[in-house]
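Okay, so here's the structure we're looking at.
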Amino acid sequence: MTQPALAATPQDRTDAPPQREWQTLTLMAFGFALVNLDRFIMYPLLPVMASELGFDYQDLGLISGAVALTWGLSSMVFGRLSDRLGRRAILVMAVLAFSVLCGATGLAMGLISLLLIRAVMGIFEGAFVPVSIAAVVEASPARRVGRNTGIQQLMAPLIGSALAPVLAIQLLQGLPSWRWVFAVTALPGLVCAWLIYRYYNDAARIRPNSPPPAPVSIHTVLRFPNVALSSAGFCFWLAPVVVFSALMPSYLTDFLHLELQHMGLVISMIGLGGAAGMLVLPTLSDRLGRKTMMVMCLAASMVPTWLFMRTGAEPLQLAVLMFAATFFFSGSLAMVHSITADNVPAPHISTATGFIVGIGEIVGGALAPAIAGGLAKAFGIPVILPFTLGCLALGLIFALLLRSPIQSLK
């Protein structure tokens with residue numbers, strides 16, 4: 001049977017009042033910040049945890065991959081559910097659960113228990129991500145989708161990659177052990193869950209008086225322009241961020257022999273560069289076009305990544321190069337959700353976003369660091385840099401294949 005024509009997103013969505021737009025953006029940005037704080041604060045602690053629990057490079061990749069694998073699977077499931085059942089209940093449940101499980105990370109006694117705790121945590125973090133992105137898109141005028149999703153997404157590098165390393169090291173110095181760091185960072189999630197429950201308005205997501213959206217299959221969503229390409233490309237656009245976050249601390253301390261504070265400085269640039277890129281580049285894409293900016297970002301990110309390979313134990317030079325690399329490849333990540341909003345009707349944005357994020361997390365977030373960790377164990381930790389360059393090159397190919405938005409699907 002022929003699928004009915006489906007209208008494009010701008011026609012399906014009426015502009016929300018400015019108060020609701022900013023209220024929703026603030027709540028979802030706060031929640032997204034905590035998702036990434038809870039996920040990434042572990043990585044600067046891994047060298048300390050590894051010495052106590054006996055991890056090697058491959059184990060570090062597996063730990064990172066476990067979160068990403070369940071994150072990806074969960075995104076696909078809960079993204080579709082929220083299109084049918086609503087956003088608020090899923091958002092509140094997800095924030096409460098991943099915060100509690102972050103605190104429980106400090107109870108891990110070995111690789112298996114840590115993998116189990118982090119894998120379950122990934123289920124609830126994955127539930128939050130596509131639902132929160134859909135909430136922001138629905139509350140945003142079409143002319144500000146790129147900017148608003150960029151603001152929300154920049155919380156990932158700003159909090160997860162810039163603040164988390166500094167906070168982790170400071171808390172580690174002030175608390176009895178690394179286990180207490182996870183207990184402290186779990187607390188803000190309880191506040192966030194209450195704020196979403198109290199202030200997020202899940203009513204009237206689409207036009208007033210419109211019937212509830214009919215269930216849509218993944219096959220139907222994949223027929224929209226760029227969804228399949230974005231799903232494949234997201235695997236390689238995400239991999240550099242996850243590989244750098246998970247394994248770069250070990251590269252800097254084990255190979256370049258940087259002191260802990262210098263390592264923290266360089267790693268924090270993943271966050272600062274990423275936050276700047278996610279704020280500036282998606283906003284520019286509202287004016288200059290998504291494909292143009294995606295291609296430019298991925299091509300430009302390869303230059304500082306290559307230079308990073310050729311730089312020794314020079315903390316300031318490394319920090320500048322890290323900022324430049326992550327400015328561009330993190331900016332490309334934030335534009336994925338604008339591409340989705342350009343091509344998918346509003347009632348199905350969460351389903352499409354969940355699928356794209358899910359596939360990307362399974363491959364780019366789970367398999368990529370696991371493969372990079374295995375290669376590092378076999379050939380040495382410096383191999384993560386040419387591995388990242390290869391991911392960026394493949395990601396550039398998918399960006400070149402992107403098409404301009406099409407307003408309807410016949």
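In the structure tokens, each chain is lettered A, B, ... as it comes, each chain's residues begin at 1, and ligands are numbered from 1 in order of appearance.
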I'd like the contact shell of Ala168 of chain A - 7 Å cut-off, only C-alpha atoms, skipping same-chain residues fewer than 6 positions apart - returned as number ranges by chain.
A: 41, 44-45, 181
If you keep N, CA, C and O atoms, can you produce a file of those selected residues as a PDB file, in the first residue's frame?
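Final output, saved to part-v3.pdb:
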ATOM      1  N   ILE A  41      32.095  12.213  33.615  1.00  0.00           N
ATOM      2  CA  ILE A  41      32.958  12.500  34.755  1.00  0.00           C
ATOM      3  C   ILE A  41      33.811  11.295  35.119  1.00  0.00           C
ATOM      4  O   ILE A  41      34.852  11.416  35.769  1.00  0.00           O
ATOM      5  N   PRO A  44      37.999  11.105  33.310  1.00  0.00           N
ATOM      6  CA  PRO A  44      39.231  11.591  33.946  1.00  0.00           C
ATOM      7  C   PRO A  44      39.629  10.769  35.175  1.00  0.00           C
ATOM      8  O   PRO A  44      40.793  10.810  35.588  1.00  0.00           O
ATOM      9  N   LEU A  45      38.667  10.055  35.758  1.00  0.00           N
ATOM     10  CA  LEU A  45      38.963   9.225  36.927  1.00  0.00           C
ATOM     11  C   LEU A  45      39.476   7.839  36.544  1.00  0.00           C
ATOM     12  O   LEU A  45      39.958   7.098  37.405  1.00  0.00           O
ATOM     13  N   VAL A 181      33.111  10.753  44.478  1.00  0.00           N
ATOM     14  CA  VAL A 181      32.862  11.702  43.395  1.00  0.00           C
ATOM     15  C   VAL A 181      31.526  11.406  42.716  1.00  0.00           C
ATOM     16  O   VAL A 181      30.744  12.308  42.409  1.00  0.00           O
TER      17      VAL A 181
END
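The shell of residues at most 12 Å from Val100 of chain A, with only C-alpha atoms counted and near chain neighbours (fewer than 6 positions) removed, consists of A:Leu34, A:Val35, A:Asp38, A:Met93, A:Ala94, A:Gly106, A:Leu107, A:Ile117, A:Arg118, A:Val120, A:Met121, A:Phe124, A:Glu125, A:Phe182, A:Ala183, A:Val184, A:Thr185, A:Ala186, A:Leu187, A:Pro188, A:Gly189, A:Leu190, A:Ala193.
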Counting only C-alpha atoms, which of A:Ala127, A:Cys297, A:Ala119, A:Ala162 gets nearest to Ala68 of chain A?
A:Ala119
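Pairwise distance (atom CA of Ile123 of chain A, atom CA of Leu69 of chain A) equals 8.7 Å.
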With only C-alpha atoms as the basis for distance, which of A:Leu385, A:Ile371, A:Ala232, A:Ile270 is at the shortest distance from Phe308 of chain A?
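The answer is A:Leu385, which sits nearest to Phe308 of chain A.
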Which residue is closest to Val129 of chain A? Choose from A:Asn36, A:Gln317, A:Ser113, A:Ser64 and count only C-alpha atoms.
A:Asn36
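Atom pair atom CA of Val295 of chain A / atom CA of Met309 of chain A: separated by 22.3 Å.
From atom CA of Asn201 of chain A back to atom CA of Leu85 of chain A, the distance works out to 14.0 Å.
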Using DSSP assignments from the backbone, pull out every residue in segment 97-165 of chain A that falls under alpha helix (DSSP H) and give it to me as a VMD selection string.
chain A and resid 97 to 104 111 to 139 145 to 153 155 164 to 165
Set the distance at 9 Å and use only C-alpha atoms: which residues neighbour Val266 of chain A once local chain neighbours fewer than 6 positions away are removed? I'd like the list as an mmCIF file with N, CA and C atoms, in the first residue's frame.
data_model
loop_
_atom_site.group_PDB
_atom_site.id
_atom_site.type_symbol
_atom_site.label_atom_id
_atom_site.label_comp_id
_atom_site.auth_asym_id
_atom_site.auth_seq_id
_atom_site.Cartn_x
_atom_site.Cartn_y
_atom_site.Cartn_z
ATOM 1 N N PRO A 249 42.725 10.808 28.027
ATOM 2 C CA PRO A 249 43.454 10.945 29.299
ATOM 3 C C PRO A 249 44.611 9.947 29.431
ATOM 4 N N LEU A 252 47.540 11.053 27.170
ATOM 5 C CA LEU A 252 48.288 12.189 27.710
ATOM 6 C C LEU A 252 49.145 11.806 28.917
ATOM 7 N N PRO A 315 51.691 21.219 26.898
ATOM 8 C CA PRO A 315 50.281 21.346 27.304
ATOM 9 C C PRO A 315 49.513 22.463 26.606
ATOM 10 N N LEU A 316 50.142 23.633 26.435
ATOM 11 C CA LEU A 316 49.423 24.752 25.832
ATOM 12 C C LEU A 316 49.139 24.496 24.357
ATOM 13 N N LEU A 318 48.944 21.568 22.900
ATOM 14 C CA LEU A 318 47.953 20.496 22.850
ATOM 15 C C LEU A 318 46.549 21.019 23.149
ATOM 16 N N ALA A 319 46.449 21.940 24.110
ATOM 17 C CA ALA A 319 45.149 22.491 24.476
ATOM 18 C C ALA A 319 44.539 23.276 23.310
ATOM 19 N N VAL A 320 45.370 24.084 22.619
ATOM 20 C CA VAL A 320 44.873 24.868 21.487
ATOM 21 C C VAL A 320 44.399 23.947 20.361
ATOM 22 N N MET A 322 43.444 20.817 20.644
ATOM 23 C CA MET A 322 42.251 20.098 21.083
ATOM 24 C C MET A 322 41.016 20.983 20.953
ATOM 25 N N PHE A 323 41.148 22.249 21.322
ATOM 26 C CA PHE A 323 40.031 23.187 21.186
ATOM 27 C C PHE A 323 39.588 23.278 19.725
#
Give me the residues within 9 Å of Val280 of chain A as a list in words, counting only C-alpha atoms and dropping any in the same chain fewer than 4 places off.
Arg147, Gly150, Ala275, Ala276, Leu284, Ser285 and Gly331 of chain A
Counting only C-alpha atoms, which residues in segment 8-85 of chain A sit no more than 8 Å from segment 349-356 of chain A? For each one, give the nearest pair of atoms and the distance in Å, sorted by chain then residue number, as JSON lines.
{"residue": "A:Gly72", "atom": "CA", "partner": "A:Gly354", "partner_atom": "CA", "distance": 8.0}
{"residue": "A:Ser75", "atom": "CA", "partner": "A:Gly354", "partner_atom": "CA", "distance": 4.5}
{"residue": "A:Met76", "atom": "CA", "partner": "A:Gly354", "partner_atom": "CA", "distance": 4.4}
{"residue": "A:Val77", "atom": "CA", "partner": "A:Gly354", "partner_atom": "CA", "distance": 7.3}
{"residue": "A:Phe78", "atom": "CA", "partner": "A:Gly354", "partner_atom": "CA", "distance": 7.3}
{"residue": "A:Gly79", "atom": "CA", "partner": "A:Gly354", "partner_atom": "CA", "distance": 4.6}
{"residue": "A:Arg80", "atom": "CA", "partner": "A:Thr351", "partner_atom": "CA", "distance": 4.2}
{"residue": "A:Leu81", "atom": "CA", "partner": "A:Thr351", "partner_atom": "CA", "distance": 7.8}
{"residue": "A:Ser82", "atom": "CA", "partner": "A:Ser350", "partner_atom": "CA", "distance": 7.0}
{"residue": "A:Asp83", "atom": "CA", "partner": "A:Ser350", "partner_atom": "CA", "distance": 6.0}
Find the spatial neighbours of Leu298 of chain A, counting only C-alpha atoms, within a cut-off of 8 Å - ignore same-chain residues fewer than 6 positions away - and output them as a JSON list (two decimals) with N, CA and C atoms, in the first residue's frame.
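Output saved as selection.json:
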[["chain", "number", "residue", "atom", "x", "y", "z"],
["A", 328, "PHE", "N", 35.20, 21.97, 15.66],
["A", 328, "PHE", "CA", 34.62, 21.61, 14.38],
["A", 328, "PHE", "C", 33.87, 20.28, 14.44],
["A", 329, "PHE", "N", 34.45, 19.22, 15.02],
["A", 329, "PHE", "CA", 33.71, 17.97, 14.91],
["A", 329, "PHE", "C", 32.57, 17.87, 15.92],
["A", 332, "SER", "N", 29.58, 19.68, 14.21],
["A", 332, "SER", "CA", 28.87, 18.86, 13.24],
["A", 332, "SER", "C", 27.83, 17.97, 13.92],
["A", 392, "LEU", "N", 36.85, 10.56, 10.88],
["A", 392, "LEU", "CA", 36.50, 11.87, 10.32],
["A", 392, "LEU", "C", 36.43, 11.81, 8.80],
["A", 393, "ALA", "N", 37.36, 11.09, 8.16],
["A", 393, "ALA", "CA", 37.36, 10.97, 6.70],
["A", 393, "ALA", "C", 36.09, 10.27, 6.21],
["A", 395, "GLY", "N", 33.27, 10.10, 7.89],
["A", 395, "GLY", "CA", 32.16, 11.01, 8.17],
["A", 395, "GLY", "C", 32.02, 12.09, 7.12],
["A", 396, "LEU", "N", 33.14, 12.56, 6.59],
["A", 396, "LEU", "CA", 33.10, 13.58, 5.54],
["A", 396, "LEU", "C", 32.41, 13.05, 4.28]]
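Among A:Val136, A:Leu116, A:Leu91, A:Ile339, the residue with the shortest atom-to-atom distance to Ala228 of chain A, counting only C-alpha atoms, is A:Ile339.
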